[in-house]
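S.K.: The following block contains the structure, expressed as structure tokens.
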Amino acid sequence: MSAIRTDQPTGDAGADLAKRPPRGPDRPAGGSAKDGAALNVFSGAFLVLWSVMAAGPLLWVMINSLRESGKIQGQPFGWPTDLSFENFANAWSDANIGQYALNSVIVLAGSLPGTMLLGSMAAYVIARFGFFGSRAVYLLFAGGMMFPIILAVVPLFFVMDTMGLLDTKLGLVLVYIAYSLPFTTFFMTAFFRTLPGSVAEAAMIDGASHSRTFFQIMLPMARPGLISIGIFNFLGQWNQFFLPLALNSESRDEALLTQGLAELSVSQGYEGDWGALFAGLTIAMLPILVVYMVFQRQVQEGLTAGAVK
């Protein structure tokens, strides 16, 4: 009969092991705590510096929009003694910022939904359907992001002139859609590939058509990605200056907000009405800030959805 082997030490050896201090980590706990505290201080200081660099100019513009031009020239970094909205009235009416902002809103009302619809449809087909040449189509959209728009301005100018779309809002809408479509398709293709295909297959088994499956099932599931890319497209198209300058420069009544701000900065630089200029910049920034503050959670969810899945 063999003896049963146990892992418990016996006799004097067991007593020696019991007297030994417990084995700890290789590094002392105090060093890890100090390293973590130093890292927190460094990251906190970096975030504070980054916040000042990002939000400082915005706050400076907004504060100066409420001050008189003479006080701005005498003390650029001062505070308003009394709130005055006269600068906004001058910028809105005298500098036609209101008309320029309305033109930008009209162009974006056509270009942004068109970009989102066409980009989502193209991305869904590329991501969910296997057909001959799908990889080439995907690479064609991806290559479009690497093509500098300045190289296409001259042929685009003559094409739009031939079609009668030069200096029109419809022409800018079509150009904005074509300009934003590659990145939208590239982004949404990666997002649609992360969605479960079993849901679409279940809908098809229940008799749903391809269009109904896309609009009523897959597109709502891609809502975080749509909001994220929609914010990016809104920022890019709202702040677009080069394309309107090249394709919409003849008619002043059709000018967009960025063109109006450029004209205002040149004219007010000679006249010295800096308050109206800062008020115009504030009017241009407010829609962007409002949109981002409303949809900031959806933007973060859309950007991190692919990594989590």
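Here's how to read the names in the structure tokens: chain A, B, ... by the order shown, residue numbers from 1 in each chain, ligand numbers from 1 in the order shown.
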For range 92-98 of chain A, find every residue with an atom within 7 Å (counting only C-alpha atoms), except residues of its own chain fewer than 5 positions away, and show them as a list of chain:residue names.
M.R.: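 Result of the neighbour search: A:Leu257, A:Gly260, A:Leu264, A:Gly280.
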S.K.: Just N, CA, C and O atoms for this one: save the residues we selected as a PDB file, in the first residue's frame.
M.R.:
```
ATOM      1  N   LEU A 257     -21.642  81.633 -46.505  1.00  0.00           N
ATOM      2  CA  LEU A 257     -21.225  82.307 -45.281  1.00  0.00           C
ATOM      3  C   LEU A 257     -19.711  82.483 -45.214  1.00  0.00           C
ATOM      4  O   LEU A 257     -19.221  83.523 -44.753  1.00  0.00           O
ATOM      5  N   GLY A 260     -18.782  85.367 -47.312  1.00  0.00           N
ATOM      6  CA  GLY A 260     -19.161  86.612 -46.665  1.00  0.00           C
ATOM      7  C   GLY A 260     -18.227  86.996 -45.530  1.00  0.00           C
ATOM      8  O   GLY A 260     -17.901  88.175 -45.351  1.00  0.00           O
ATOM      9  N   LEU A 264     -16.031  90.229 -45.250  1.00  0.00           N
ATOM     10  CA  LEU A 264     -16.178  91.085 -44.067  1.00  0.00           C
ATOM     11  C   LEU A 264     -14.841  91.343 -43.393  1.00  0.00           C
ATOM     12  O   LEU A 264     -14.567  92.454 -42.935  1.00  0.00           O
ATOM     13  N   GLY A 280     -19.797  88.332 -36.646  1.00  0.00           N
ATOM     14  CA  GLY A 280     -20.000  87.440 -37.789  1.00  0.00           C
ATOM     15  C   GLY A 280     -19.357  86.081 -37.569  1.00  0.00           C
ATOM     16  O   GLY A 280     -19.933  85.038 -37.924  1.00  0.00           O
TER      17      GLY A 280
END
```
S.K.: Give me, as a Markdown table, the closest atom pair and its distance (Å, one decimal) for every residue of range 30-114 of chain A within a cut-off of 7 Å of range 165-174 of chain A, counting only C-alpha atoms, rows sorted by chain and rising number.
M.R.:
```
| residue | atom | partner | partner_atom | distance |
| --- | --- | --- | --- | --- |
| A:Val107 | CA | A:Val173 | CA | 5.7 |
| A:Gly110 | CA | A:Val173 | CA | 6.0 |
| A:Ser111 | CA | A:Val173 | CA | 4.7 |
```
S.K.: Choose the residue, out of A:Ala190, A:Ala136, A:Leu289, A:Ile72, that has the smallest atom-to-atom separation from Trp60 in chain A; count only C-alpha atoms.
M.R.: A:Ile72
S.K.: Near Phe241 in chain A, within 12 Å and counting only C-alpha atoms, which residues show up once chain neighbours fewer than 3 positions away are dropped, as a short mmCIF file (atom, residue, chain, number, x, y, z; two decimals) with C-alpha atoms, in the first residue's frame?
M.R.:
```cif
data_model
loop_
_atom_site.label_atom_id
_atom_site.label_comp_id
_atom_site.auth_asym_id
_atom_site.auth_seq_id
_atom_site.Cartn_x
_atom_site.Cartn_y
_atom_site.Cartn_z
CA SER A 104 -25.26 78.14 -46.66
CA LEU A 172 -22.75 73.54 -55.22
CA TYR A 176 -20.57 68.94 -52.21
CA LEU A 235 -18.50 70.55 -40.42
CA GLY A 236 -16.70 70.07 -43.73
CA GLN A 237 -19.48 71.47 -45.90
CA TRP A 238 -20.38 74.35 -43.57
CA PRO A 244 -17.57 78.23 -53.38
CA LEU A 245 -14.74 80.63 -54.13
CA ALA A 246 -13.91 78.81 -57.38
CA LEU A 247 -17.42 77.85 -58.52
CA ASN A 248 -19.64 80.55 -57.03
CA SER A 249 -17.74 83.81 -57.30
CA ALA A 255 -22.34 83.81 -51.86
CA LEU A 256 -22.08 81.48 -48.87
CA LEU A 257 -21.22 82.31 -45.28
CA THR A 258 -17.50 81.61 -45.60
CA GLN A 259 -17.28 83.94 -48.59
CA GLY A 260 -19.16 86.61 -46.67
CA LEU A 261 -16.85 86.28 -43.67
CA ALA A 262 -13.79 86.59 -45.90
CA GLU A 263 -15.24 89.72 -47.49
#
```
S.K.: List the neighbours of Tyr292 in chain A out to 12 Å using only C-alpha atoms; skip same-chain residues closer than 3 positions along the sequence, and give me the result as a list in words.
M.R.: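 Within the cut-off, the hits are Ile227, Ser228, Gly230, Ile231, Phe232, Phe234, Leu235, Met285, Leu286, Pro287, Ile288, Leu289, Phe295, Gln296, Arg297, Gln298, Val299 and Gln300 of chain A.
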S.K.: Just checking: using only C-alpha atoms, which residue out of A:Leu219, A:Leu226, A:Gln75, A:Arg128 ends up closest to Gly197 in chain A?
M.R.: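 Among the listed residues, the smallest separation from Gly197 in chain A belongs to A:Arg128.
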S.K.: Extract, using only C-alpha atoms, all DNA, RNA and protein residues at most 6 Å from Ala279 in chain A, discarding same-chain residues fewer than 3 positions from it, and format them as a PyMOL selection string.
M.R.: chain A and resi 65+87-88+276+282
S.K.: Based on the backbone DSSP call, show me all residues of range 35-239 of chain A assigned alpha helix (DSSP H), as a PyMOL selection string.
M.R.: chain A and resi 35-64+69-74+86-89+97-128+134-144+153-163+169-194+197-205+210-213+219-221+223-238
S.K.: Given only C-alpha atoms as the basis, pick out the residue of A:Val159, A:Leu112, A:Met293, A:Thr81 nearest to Ile63 in chain A.
M.R.: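 Once distances to Ile63 in chain A are computed over only C-alpha atoms, the minimum belongs to A:Thr81.
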